[in-house]
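Asks: For reference, the file coords-v3.csv (CSV, C-alpha atoms) is included below:
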```csv
chain,number,residue,atom,x,y,z
A,1,MET,CA,22.6,10.6,18.9
A,2,GLU,CA,20.0,12.9,17.3
A,3,PHE,CA,19.5,12.2,13.6
A,4,HIS,CA,18.2,15.0,11.5
A,5,SER,CA,17.4,13.2,8.2
A,6,PHE,CA,17.0,9.8,6.6
A,7,LEU,CA,18.7,9.0,3.3
A,8,ILE,CA,16.4,6.6,1.4
A,9,LYS,CA,18.1,4.0,-0.7
A,10,TYR,CA,16.2,2.3,-3.5
A,11,GLY,CA,17.0,-0.7,-5.7
A,12,GLU,CA,15.2,-1.4,-9.0
A,13,ILE,CA,14.1,2.2,-9.4
A,14,GLY,CA,17.8,3.0,-10.2
A,15,ILE,CA,17.7,1.1,-13.5
A,16,LYS,CA,14.5,2.6,-14.9
A,17,GLY,CA,16.3,4.9,-17.3
A,18,LYS,CA,14.4,7.9,-18.6
A,19,ASN,CA,11.3,6.9,-16.6
A,20,ARG,CA,13.1,6.8,-13.3
A,21,TYR,CA,11.7,10.1,-12.1
A,22,LEU,CA,8.2,8.6,-12.3
A,23,PHE,CA,9.1,5.9,-9.9
A,24,GLU,CA,11.0,8.3,-7.6
A,25,ASP,CA,8.0,10.6,-7.5
A,26,ALA,CA,5.8,7.6,-6.6
A,27,LEU,CA,8.2,6.6,-3.9
A,28,VAL,CA,8.2,10.2,-2.5
A,29,ARG,CA,4.3,10.1,-2.4
A,30,GLN,CA,4.3,6.7,-0.6
A,31,ILE,CA,6.8,7.9,2.0
A,32,ARG,CA,4.7,11.0,2.7
A,33,PHE,CA,1.6,8.9,3.0
A,34,ALA,CA,3.4,6.5,5.4
A,35,LEU,CA,4.6,9.4,7.6
A,36,LYS,CA,1.4,11.4,7.7
A,37,ASP,CA,0.3,9.9,11.0
A,38,VAL,CA,3.7,9.8,12.6
A,39,ASP,CA,4.5,12.1,15.5
A,40,GLY,CA,6.7,14.8,14.0
A,41,SER,CA,7.0,17.0,10.9
A,42,PHE,CA,8.8,15.8,7.8
A,43,TYR,CA,10.0,17.2,4.5
A,44,VAL,CA,10.3,14.4,1.9
A,45,HIS,CA,12.2,15.4,-1.3
A,46,LYS,CA,14.5,14.4,-4.1
A,47,ALA,CA,18.0,15.9,-4.3
A,48,GLN,CA,20.7,15.1,-6.8
A,49,GLY,CA,19.4,11.6,-7.6
A,50,ARG,CA,18.5,10.7,-4.0
A,51,VAL,CA,15.5,10.7,-1.8
A,52,TYR,CA,15.7,12.3,1.7
A,53,VAL,CA,13.4,12.6,4.6
A,54,ASP,CA,14.3,15.7,6.6
A,55,CYS,CA,13.0,15.8,10.2
A,56,GLU,CA,11.8,19.2,11.1
A,57,GLY,CA,11.9,19.5,14.9
A,58,ALA,CA,11.2,16.8,17.4
A,59,TYR,CA,9.9,13.4,16.2
A,60,ASP,CA,9.5,9.8,17.2
A,61,TYR,CA,12.6,8.0,15.8
A,62,GLU,CA,11.3,4.4,16.3
A,63,GLU,CA,7.9,5.1,14.9
A,64,THR,CA,9.4,6.9,11.9
A,65,VAL,CA,11.8,4.0,11.1
A,66,GLU,CA,9.0,1.4,11.5
A,67,SER,CA,6.8,3.4,9.1
A,68,LEU,CA,9.6,3.7,6.5
A,69,LYS,CA,10.2,0.0,6.8
A,70,ARG,CA,6.7,-0.6,5.4
A,71,VAL,CA,7.2,1.5,2.2
A,72,PHE,CA,7.7,-0.7,-0.9
A,73,GLY,CA,10.6,0.6,-3.1
A,74,ILE,CA,12.9,1.3,-0.1
A,75,VAL,CA,15.9,-1.1,0.2
A,76,GLY,CA,17.7,0.9,2.9
A,77,ILE,CA,17.1,3.6,5.5
A,78,CYS,CA,20.1,5.6,6.6
A,79,PRO,CA,19.8,7.8,9.7
A,80,VAL,CA,21.8,11.0,8.9
A,81,VAL,CA,23.4,13.6,11.1
A,82,ARG,CA,23.5,17.0,9.3
A,83,LEU,CA,26.3,19.4,10.3
A,84,GLU,CA,27.0,23.0,9.4
A,85,ASP,CA,30.3,23.3,7.5
A,86,GLN,CA,32.5,25.0,10.1
A,87,GLY,CA,35.8,23.9,8.5
A,88,PHE,CA,37.6,20.6,8.4
A,89,GLU,CA,39.1,20.8,11.9
A,90,GLN,CA,35.5,20.9,13.3
A,91,LEU,CA,34.5,18.1,11.0
A,92,LYS,CA,37.2,15.9,12.5
A,93,LYS,CA,35.8,16.6,16.0
A,94,ASP,CA,32.3,15.9,14.8
A,95,VAL,CA,33.3,12.6,13.2
A,96,ALA,CA,35.0,11.4,16.4
A,97,ALA,CA,31.9,12.4,18.4
A,98,TYR,CA,29.7,10.6,16.0
A,99,ILE,CA,31.6,7.3,16.3
A,100,ASP,CA,31.8,7.7,20.1
A,101,ASP,CA,28.0,8.3,20.3
A,102,VAL,CA,26.8,5.7,17.8
A,103,TYR,CA,29.1,2.7,18.6
A,104,GLU,CA,29.5,1.7,22.3
A,105,ASN,CA,31.9,-1.1,21.3
A,106,LYS,CA,34.8,0.4,19.4
A,107,ASN,CA,36.3,-2.9,18.5
A,108,PHE,CA,35.4,-2.9,14.8
A,109,SER,CA,36.9,-2.4,11.3
A,110,PHE,CA,35.9,0.6,9.3
A,111,LYS,CA,36.2,2.5,6.0
A,112,VAL,CA,35.5,6.2,5.4
A,113,GLU,CA,33.8,7.1,2.1
A,114,ALA,CA,33.7,10.8,1.4
A,115,ARG,CA,31.8,12.4,-1.5
A,116,ARG,CA,31.7,16.0,-2.5
A,117,SER,CA,28.8,17.3,-4.4
A,118,ARG,CA,30.2,20.7,-3.6
A,119,LYS,CA,33.4,20.6,-5.6
A,120,GLN,CA,34.8,23.9,-4.3
A,121,TYR,CA,35.4,22.2,-0.9
A,122,PRO,CA,39.1,22.6,-0.2
A,123,MET,CA,39.9,18.9,0.1
A,124,THR,CA,39.5,16.0,-2.3
A,125,SER,CA,37.4,13.0,-1.4
A,126,MET,CA,40.6,10.9,-1.0
A,127,GLU,CA,42.2,13.4,1.2
A,128,MET,CA,39.1,13.4,3.4
A,129,ASN,CA,39.1,9.7,3.6
A,130,CYS,CA,42.7,9.5,4.8
A,131,SER,CA,42.5,12.4,7.3
A,132,LEU,CA,39.2,11.3,8.9
A,133,GLY,CA,40.3,7.7,9.0
A,134,GLU,CA,43.4,8.8,10.9
A,135,VAL,CA,41.3,10.7,13.3
A,136,ILE,CA,39.2,7.6,14.1
A,137,LEU,CA,42.3,5.4,14.5
A,138,ASP,CA,44.0,8.0,16.8
A,139,THR,CA,40.8,8.6,18.9
A,140,PHE,CA,39.8,4.9,19.2
A,141,PRO,CA,42.9,2.7,19.0
A,142,GLU,CA,40.9,-0.5,19.1
A,143,THR,CA,39.5,0.3,15.7
A,144,ARG,CA,41.2,-0.8,12.5
A,145,VAL,CA,40.9,0.0,8.8
A,146,ASP,CA,39.5,-2.5,6.3
A,147,VAL,CA,38.7,-1.1,2.9
A,148,HIS,CA,37.3,-4.3,1.5
A,149,HIS,CA,34.9,-5.8,4.1
A,150,PRO,CA,34.6,-3.2,6.9
A,151,ASP,CA,32.2,-3.7,9.9
A,152,VAL,CA,31.4,0.0,9.7
A,153,ARG,CA,31.2,2.1,6.5
A,154,LEU,CA,31.2,5.8,7.5
A,155,ASN,CA,29.8,8.0,4.8
A,156,VAL,CA,30.7,11.7,4.7
A,157,GLU,CA,28.8,13.8,2.1
A,158,VAL,CA,29.7,17.4,1.5
A,159,ARG,CA,26.6,19.2,0.3
A,160,GLU,CA,25.4,22.6,1.5
A,161,GLU,CA,25.7,20.9,4.9
A,162,ILE,CA,27.8,17.9,5.9
A,163,TYR,CA,26.0,14.6,6.0
A,164,LEU,CA,27.3,11.8,8.2
A,165,TYR,CA,25.8,8.3,8.3
A,166,SER,CA,26.9,4.7,8.7
A,167,ASP,CA,23.9,2.6,9.5
A,168,ILE,CA,21.7,1.0,6.9
A,169,ILE,CA,18.4,-0.3,8.1
A,170,PRO,CA,16.9,-2.8,5.6
A,171,GLY,CA,13.7,-1.8,3.9
A,172,PRO,CA,11.1,-4.1,2.3
A,173,GLY,CA,12.4,-3.7,-1.3
A,174,GLY,CA,10.0,-4.0,-4.2
A,175,MET,CA,8.4,-1.2,-6.2
A,176,PRO,CA,6.4,1.9,-5.0
A,177,VAL,CA,2.7,1.2,-4.8
A,178,GLY,CA,0.8,2.7,-7.7
A,179,THR,CA,3.5,2.2,-10.4
A,180,ASN,CA,1.9,-1.1,-11.7
A,181,GLY,CA,-1.8,-0.7,-11.9
A,182,SER,CA,-4.4,-2.2,-9.5
A,183,ALA,CA,-5.8,-5.7,-8.8
A,184,MET,CA,-8.6,-7.2,-6.9
A,185,LEU,CA,-7.7,-9.4,-3.9
A,186,LEU,CA,-10.1,-12.2,-2.8
A,187,LEU,CA,-9.6,-11.7,0.9
A,188,SER,CA,-10.7,-14.3,3.4
A,189,GLY,CA,-10.1,-14.6,7.1
A,190,GLY,CA,-7.3,-17.1,6.6
A,191,ILE,CA,-3.5,-16.9,6.6
A,192,ASP,CA,-2.9,-17.1,2.8
A,193,SER,CA,-4.8,-14.3,1.1
A,194,PRO,CA,-3.4,-11.4,3.2
A,195,VAL,CA,0.1,-12.6,2.3
A,196,ALA,CA,-0.8,-12.9,-1.3
A,197,GLY,CA,-2.0,-9.3,-1.3
A,198,TYR,CA,1.2,-8.1,0.4
A,199,MET,CA,3.4,-9.9,-2.1
A,200,VAL,CA,1.6,-8.5,-5.2
A,201,SER,CA,1.5,-5.0,-3.7
A,202,LYS,CA,5.2,-5.3,-3.2
A,203,ARG,CA,5.5,-5.2,-7.0
A,204,GLY,CA,3.9,-1.8,-7.1
A,205,VAL,CA,0.2,-2.9,-7.5
A,206,GLU,CA,-2.6,-1.0,-5.7
A,207,LEU,CA,-5.1,-3.3,-4.0
A,208,GLU,CA,-8.8,-3.5,-3.8
A,209,ALA,CA,-10.4,-6.5,-2.0
A,210,THR,CA,-13.5,-8.6,-2.0
A,211,TYR,CA,-14.7,-10.6,1.1
A,212,PHE,CA,-17.7,-13.0,1.0
A,213,HIS,CA,-19.8,-12.9,4.1
A,214,ALA,CA,-22.5,-15.5,4.9
A,215,PRO,CA,-24.7,-14.3,7.8
A,216,PRO,CA,-26.0,-15.9,10.0
A,217,TYR,CA,-23.6,-18.7,9.3
A,218,THR,CA,-20.6,-16.4,9.7
A,219,SER,CA,-20.6,-13.9,12.5
A,220,GLU,CA,-20.0,-10.1,12.6
A,221,ARG,CA,-16.7,-11.0,14.4
A,222,ALA,CA,-15.6,-12.9,11.2
A,223,LYS,CA,-16.3,-9.7,9.2
A,224,GLU,CA,-14.4,-7.6,11.7
A,225,LYS,CA,-11.5,-10.0,11.5
A,226,VAL,CA,-11.3,-9.5,7.7
A,227,VAL,CA,-11.5,-5.7,8.0
A,228,GLU,CA,-8.6,-5.9,10.5
A,229,LEU,CA,-6.6,-8.1,8.1
A,230,ALA,CA,-7.2,-5.5,5.3
A,231,ARG,CA,-6.0,-2.8,7.7
A,232,LEU,CA,-2.8,-4.7,8.4
A,233,VAL,CA,-2.1,-5.2,4.7
A,234,SER,CA,-2.9,-1.5,4.0
A,235,ARG,CA,0.0,-0.5,6.2
A,236,TYR,CA,2.2,-1.7,3.3
A,237,ALA,CA,-0.3,-1.4,0.4
A,238,GLY,CA,-1.9,1.9,1.1
A,239,PRO,CA,-5.7,2.4,1.4
A,240,ILE,CA,-7.8,-0.6,0.3
A,241,LYS,CA,-11.4,-0.5,-1.0
A,242,LEU,CA,-13.0,-3.5,0.6
A,243,HIS,CA,-16.1,-5.0,-1.0
A,244,VAL,CA,-18.2,-7.0,1.5
A,245,VAL,CA,-20.5,-9.3,-0.4
A,246,SER,CA,-23.5,-11.1,1.2
A,247,PHE,CA,-23.1,-14.6,-0.2
A,248,THR,CA,-25.5,-16.6,1.9
A,249,ASP,CA,-28.4,-16.9,-0.6
A,250,ILE,CA,-26.0,-18.0,-3.4
A,251,GLN,CA,-24.4,-20.6,-1.2
A,252,LEU,CA,-27.7,-22.0,0.0
A,253,TYR,CA,-29.0,-22.2,-3.6
A,254,ILE,CA,-25.8,-24.0,-4.8
A,255,TYR,CA,-26.1,-26.4,-1.8
A,256,GLU,CA,-29.7,-27.2,-2.7
A,257,GLN,CA,-29.1,-27.7,-6.5
A,258,CYS,CA,-25.6,-29.1,-7.0
A,259,PRO,CA,-23.8,-32.3,-6.0
A,260,HIS,CA,-22.3,-31.8,-2.6
A,261,GLU,CA,-18.8,-33.0,-3.6
A,262,GLU,CA,-18.7,-30.1,-6.1
A,263,LEU,CA,-19.9,-27.4,-3.7
A,264,THR,CA,-16.5,-25.9,-3.0
A,265,ILE,CA,-15.5,-25.6,-6.7
A,266,ILE,CA,-18.9,-24.2,-7.8
A,267,MET,CA,-19.0,-21.7,-4.9
A,268,ARG,CA,-15.4,-20.7,-5.7
A,269,ARG,CA,-16.3,-20.1,-9.4
A,270,TYR,CA,-19.1,-17.7,-8.4
A,271,MET,CA,-16.8,-15.9,-6.0
A,272,MET,CA,-14.4,-15.3,-8.9
A,273,ARG,CA,-17.3,-14.1,-11.2
A,274,ILE,CA,-18.4,-11.6,-8.6
A,275,ALA,CA,-14.9,-10.4,-7.7
A,276,GLU,CA,-14.2,-10.0,-11.4
A,277,ALA,CA,-17.3,-7.8,-11.8
A,278,PHE,CA,-16.1,-5.4,-9.2
A,279,ALA,CA,-12.6,-5.5,-10.7
A,280,LYS,CA,-13.7,-4.6,-14.1
A,281,LYS,CA,-16.0,-1.8,-12.8
A,282,ASP,CA,-13.0,-0.2,-11.0
A,283,GLY,CA,-10.4,-0.7,-13.7
A,284,CYS,CA,-8.4,-3.4,-12.0
A,285,LEU,CA,-6.1,-5.4,-14.2
A,286,GLY,CA,-6.4,-8.8,-12.5
A,287,LEU,CA,-7.5,-10.9,-9.5
A,288,ILE,CA,-5.3,-12.1,-6.7
A,289,THR,CA,-5.8,-15.2,-4.7
A,290,GLY,CA,-3.8,-17.0,-1.9
A,291,GLU,CA,-4.0,-20.4,-3.5
A,292,SER,CA,-1.0,-22.8,-3.3
A,293,ILE,CA,-1.0,-26.0,-5.4
A,294,GLY,CA,-2.3,-29.0,-3.5
A,295,GLN,CA,-2.8,-27.2,-0.2
A,296,VAL,CA,-6.5,-28.1,-0.1
A,297,ALA,CA,-9.0,-29.9,-2.4
A,298,SER,CA,-10.0,-26.6,-4.1
A,299,GLN,CA,-6.3,-25.9,-5.0
A,300,THR,CA,-5.3,-29.0,-7.0
A,301,MET,CA,-4.3,-28.3,-10.6
A,302,GLN,CA,-7.6,-29.5,-11.8
A,303,SER,CA,-9.5,-27.4,-9.3
A,304,LEU,CA,-7.5,-24.3,-10.3
A,305,LEU,CA,-8.3,-25.0,-14.0
A,306,ALA,CA,-12.0,-25.2,-13.2
A,307,THR,CA,-12.1,-21.9,-11.2
A,308,ASN,CA,-9.9,-20.1,-13.8
A,309,ALA,CA,-12.3,-21.0,-16.6
A,310,VAL,CA,-14.9,-18.4,-15.4
A,311,CYS,CA,-12.4,-15.5,-15.5
A,312,THR,CA,-11.4,-13.2,-18.4
A,313,LEU,CA,-9.0,-11.2,-16.3
A,314,PRO,CA,-5.6,-12.7,-15.3
A,315,VAL,CA,-5.5,-14.4,-11.9
A,316,TYR,CA,-2.3,-13.8,-9.9
A,317,ARG,CA,-1.3,-16.5,-7.4
A,318,PRO,CA,1.9,-15.3,-5.8
A,319,LEU,CA,1.9,-18.2,-3.3
A,320,ILE,CA,1.3,-20.9,-5.9
A,321,GLY,CA,4.6,-22.8,-5.1
A,322,PHE,CA,4.9,-22.0,-1.4
A,323,ASP,CA,4.8,-24.5,1.5
A,324,LYS,CA,2.5,-23.5,4.3
A,325,LYS,CA,5.5,-22.9,6.6
A,326,GLU,CA,6.9,-20.3,4.2
A,327,ILE,CA,3.5,-18.6,4.0
A,328,VAL,CA,3.2,-18.5,7.8
A,329,GLU,CA,6.7,-17.0,8.1
A,330,ILE,CA,5.7,-14.1,5.8
A,331,SER,CA,2.4,-13.6,7.7
A,332,GLU,CA,4.3,-13.4,11.0
A,333,LYS,CA,6.7,-10.9,9.4
A,334,ILE,CA,3.8,-8.6,8.3
A,335,ASP,CA,1.9,-9.1,11.6
A,336,THR,CA,-1.2,-10.8,10.0
A,337,TYR,CA,-0.7,-14.2,11.5
A,338,GLU,CA,-2.2,-13.7,14.9
A,339,THR,CA,-5.3,-12.1,13.4
A,340,SER,CA,-5.7,-14.8,10.8
A,341,ILE,CA,-5.8,-17.6,13.3
A,342,GLN,CA,-8.6,-16.1,15.4
A,343,PRO,CA,-11.3,-18.8,15.4
A,344,PHE,CA,-14.0,-17.0,13.4
A,345,GLU,CA,-15.1,-19.0,10.4
A,346,ASP,CA,-15.5,-17.6,6.9
A,347,CYS,CA,-18.0,-18.7,4.3
A,348,CYS,CA,-15.5,-21.0,2.7
A,349,THR,CA,-15.5,-23.3,5.7
A,350,ILE,CA,-19.3,-23.4,6.4
A,351,PHE,CA,-20.6,-25.4,3.5
A,352,VAL,CA,-17.7,-27.8,3.0
A,353,ALA,CA,-18.5,-31.3,1.8
A,354,LYS,CA,-17.2,-34.3,3.7
A,355,HIS,CA,-15.6,-35.7,0.5
A,356,PRO,CA,-15.0,-32.8,-1.9
A,357,VAL,CA,-13.9,-33.6,-5.4
A,358,THR,CA,-10.1,-33.1,-5.8
A,359,LYS,CA,-9.9,-33.6,-9.6
A,360,PRO,CA,-13.0,-31.9,-10.9
A,361,ASN,CA,-13.9,-32.3,-14.6
A,362,LEU,CA,-14.7,-28.9,-16.0
A,363,GLU,CA,-17.4,-30.2,-18.3
A,364,TRP,CA,-19.2,-31.9,-15.4
A,365,ILE,CA,-18.9,-28.7,-13.3
A,366,GLU,CA,-20.4,-26.7,-16.0
A,367,ARG,CA,-23.2,-29.2,-16.4
A,368,SER,CA,-23.9,-29.1,-12.7
A,369,GLU,CA,-24.1,-25.3,-12.9
A,370,LEU,CA,-27.0,-25.6,-15.5
A,371,LYS,CA,-29.2,-26.7,-12.5
A,372,LEU,CA,-28.7,-23.1,-11.2
A,373,ALA,CA,-30.1,-21.4,-14.3
A,374,GLU,CA,-33.4,-20.5,-12.9
A,375,LYS,CA,-32.3,-18.1,-10.1
A,376,ILE,CA,-28.5,-17.8,-10.0
A,377,ASP,CA,-28.2,-14.7,-12.3
A,378,GLU,CA,-30.7,-12.8,-10.1
A,379,LEU,CA,-28.9,-13.9,-6.9
A,380,VAL,CA,-25.5,-12.8,-8.3
A,381,GLN,CA,-26.9,-9.4,-9.4
A,382,THR,CA,-28.5,-8.9,-5.9
A,383,ALA,CA,-25.2,-9.7,-4.2
A,384,ILE,CA,-23.4,-7.2,-6.5
A,385,ASP,CA,-26.1,-4.5,-6.0
A,386,THR,CA,-26.1,-4.8,-2.2
A,387,VAL,CA,-22.3,-4.9,-1.7
A,388,GLU,CA,-21.0,-3.0,1.3
A,389,ILE,CA,-18.0,-0.8,0.6
A,390,ILE,CA,-15.5,-0.2,3.4
A,391,GLU,CA,-12.5,2.2,2.9
A,392,VAL,CA,-9.7,0.6,4.9
A,393,LYS,CA,-6.6,2.6,5.9
```
Represent the structure from my file as structure tokens, please.

Replies:
Amino acid sequence: MEFHSFLIKYGEIGIKGKNRYLFEDALVRQIRFALKDVDGSFYVHKAQGRVYVDCEGAYDYEETVESLKRVFGIVGICPVVRLEDQGFEQLKKDVAAYIDDVYENKNFSFKVEARRSRKQYPMTSMEMNCSLGEVILDTFPETRVDVHHPDVRLNVEVREEIYLYSDIIPGPGGMPVGTNGSAMLLLSGGIDSPVAGYMVSKRGVELEATYFHAPPYTSERAKEKVVELARLVSRYAGPIKLHVVSFTDIQLYIYEQCPHEELTIIMRRYMMRIAEAFAKKDGCLGLITGESIGQVASQTMQSLLATNAVCTLPVYRPLIGFDKKEIVEISEKIDTYETSIQPFEDCCTIFVAKHPVTKPNLEWIERSELKLAEKIDELVQTAIDTVEIIEVK
């Protein structure tokens, strides 16, 4: 079966009232962006409160559907057959051909749902339902009608053309990217942070990202791994501005001056400070981390309190109550898992104490940071000034 269009179903956008058109327009922009590299030519547009993707000429069906399944705001993708209106007798033949072509096994229940946006059509919706249902029953005796819980719901829409569709391919849901501001993701090479970025982006938030690199203790392959993770997340979130920060000198200085059991917390606090500096410069409205309560020593409630204390922007932690298994399942769904488990260490794993403090006292941490006063501001400013910017798409 050759499908000529896709009807795009959205969820929350439909309850936005007078501002709904802003969200619809954002969804149209995101669909166009998602399809720009797909083989084929597409016309994405709104029509009578709906969003359509019209396929102009030959196109790659599987690639098109996979691209649409990564657009936040879409809850359903309906492949549509468009037919010229050649009278109702021809429509009955077309409906029978559609069922025969799309469903190899005809042992199913069905319901016909006809709608007429062109009210001058000579039959009412109810008359079309009855007549087309009768055609299906007569042509395929193994089918049966079930108006309450049908296996197949055949939609027939009378517009300038006739639209036929019955399949609904699930979309990712959420809100279109760009409708809820932007935030800075602290992106490591692990499993959690890419998932955190995906989940906040699903709520319509544009992403930037900061990665802390520690050469020569971390390799170029570790950096390439993080760029690849950013690229995988960008398939859902759109282009990501990735800040690569050289963190080696800061880490070494903290290692020399501070108690080793506090290294992880203090390093984490300086990462938050630097990421927030980039966030404020670019107008981001918060930071995003992949932390989950109690997963590691730096993610206890006391540790989170200590790292939060250096931030003035909100810190969003979408994974805060997730088990590792739940996080892994999402990473597998968005195809970041296999990249995340590649054995290239990031800077968070290089200078880990044998016995890190799990319940840090904020006053003690701040007192330990006083030992850094001589050089730390200069080192932080150098790290900010020498940042490498990578535009990831």

Asks: Trp364 in chain A: which residues within 12 Å, counting all atoms listed in the file, same-chain residues fewer than 4 positions away excluded, as an MDAnalysis selection string?

Replies: chainID A and resid 258:259 261:262 265:266 306 357 359:360 368:371

Asks: Calculated over only C-alpha atoms, which of the candidates A:Arg20, A:Arg29, A:Lys393, A:Lys324 has the smallest distance to Val195 in chain A?

Replies: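 Using only C-alpha atoms, Val195 in chain A sits closest to A:Lys324.
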
Asks: Which one is closest to Ile8 in chain A: A:Gly171, A:Gly190, A:Gly133, A:Gly286? Count only C-alpha atoms.

Replies: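 The shortest atom-to-atom distance to Ile8 in chain A comes from A:Gly171.
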
Asks: Enumerate, as a PyMOL selection string, the protein, DNA and RNA residues whose atoms approach (42.8, 3.3, 18.6) to within 12 Å, taking into account all atoms listed in the file and the coordinate frame of the file.

Replies: chain A and resi 96+100+106-110+133-145

Asks: Give me the residues near Ala47 in chain A as a list in words, where near means some atom within 12 Å (using only C-alpha atoms) and where sequence neighbours in that chain fewer than 2 positions away do not count.

Replies: Leu7, Ile8, Tyr21, Glu24, Asp25, Val28, Tyr43, Val44, His45, Gly49, Arg50, Val51, Tyr52, Val53, Asp54, Ser117, Arg159 and Glu160 of chain A

Asks: Restricting it to C-alpha atoms, dump the selection as a short mmCIF file (atom, residue, chain, number, x, y, z; two decimals), keeping the file's coordinate frame.

Replies:
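Okay, this is what ended up in part23.cif:
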```
data_model
loop_
_atom_site.label_atom_id
_atom_site.label_comp_id
_atom_site.auth_asym_id
_atom_site.auth_seq_id
_atom_site.Cartn_x
_atom_site.Cartn_y
_atom_site.Cartn_z
CA LEU A 7 18.70 9.00 3.30
CA ILE A 8 16.40 6.60 1.40
CA TYR A 21 11.70 10.10 -12.10
CA GLU A 24 11.00 8.30 -7.60
CA ASP A 25 8.00 10.60 -7.50
CA VAL A 28 8.20 10.20 -2.50
CA TYR A 43 10.00 17.20 4.50
CA VAL A 44 10.30 14.40 1.90
CA HIS A 45 12.20 15.40 -1.30
CA GLY A 49 19.40 11.60 -7.60
CA ARG A 50 18.50 10.70 -4.00
CA VAL A 51 15.50 10.70 -1.80
CA TYR A 52 15.70 12.30 1.70
CA VAL A 53 13.40 12.60 4.60
CA ASP A 54 14.30 15.70 6.60
CA SER A 117 28.80 17.30 -4.40
CA ARG A 159 26.60 19.20 0.30
CA GLU A 160 25.40 22.60 1.50
#
```

Asks: CA of Val75 in chain A and CA of Gln48 in chain A, how far apart in Å?

Replies: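 CA of Val75 in chain A lies 18.3 Å from CA of Gln48 in chain A.
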
Asks: Counting all atoms listed in the file, what is within 10 Å of Glu63 in chain A, bar same-chain residues fewer than 2 positions away, as a PyMOL selection string?

Replies: chain A and resi 35+37-40+59-61+65-69

Asks: Using CA of Tyr165 in chain A and CA of Cys55 in chain A as the two end points, give the distance in Å to one decimal.

Replies: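 It comes out at 15.0 Å.
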
Asks: Between A:Asp85, A:Glu276, A:Glu208, A:Asp146, which has the minimum distance to Val310 in chain A (counting only C-alpha atoms)?

Replies: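 Checking each candidate against Val310 in chain A, we get A:Glu276 as the closest.
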
Asks: What's the 10 Å shell around Gly294 in chain A, counting all atoms listed in the file, without same-chain residues fewer than 2 positions away, as a VMD selection string?

Replies: chain A and resid 291 to 292 296 to 304 320 to 321 323 358

Asks: Fewer than 4 positions away in the same chain doesn't count, so skip those; otherwise give me all residues within 8 Å of Ala383 in chain A, counting all atoms listed in the file, as an MDAnalysis selection string.

Replies: chainID A and resid 245:247 379 387

Asks: Using only C-alpha atoms, please write the residues we just selected to a file, as a PDB file, in the coordinates of the input.

Replies:
```pdb
ATOM      1  CA  VAL A 245     -20.500  -9.300  -0.400  1.00  0.00           C
ATOM      2  CA  SER A 246     -23.500 -11.100   1.200  1.00  0.00           C
ATOM      3  CA  PHE A 247     -23.100 -14.600  -0.200  1.00  0.00           C
ATOM      4  CA  LEU A 379     -28.900 -13.900  -6.900  1.00  0.00           C
ATOM      5  CA  VAL A 387     -22.300  -4.900  -1.700  1.00  0.00           C
TER       6      VAL A 387
END
```

Asks: To one decimal place in Å, what is the distance between CA of Ser188 in chain A and CA of Met272 in chain A?

Replies: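 Distance reported for this atom pair: 12.9 Å.
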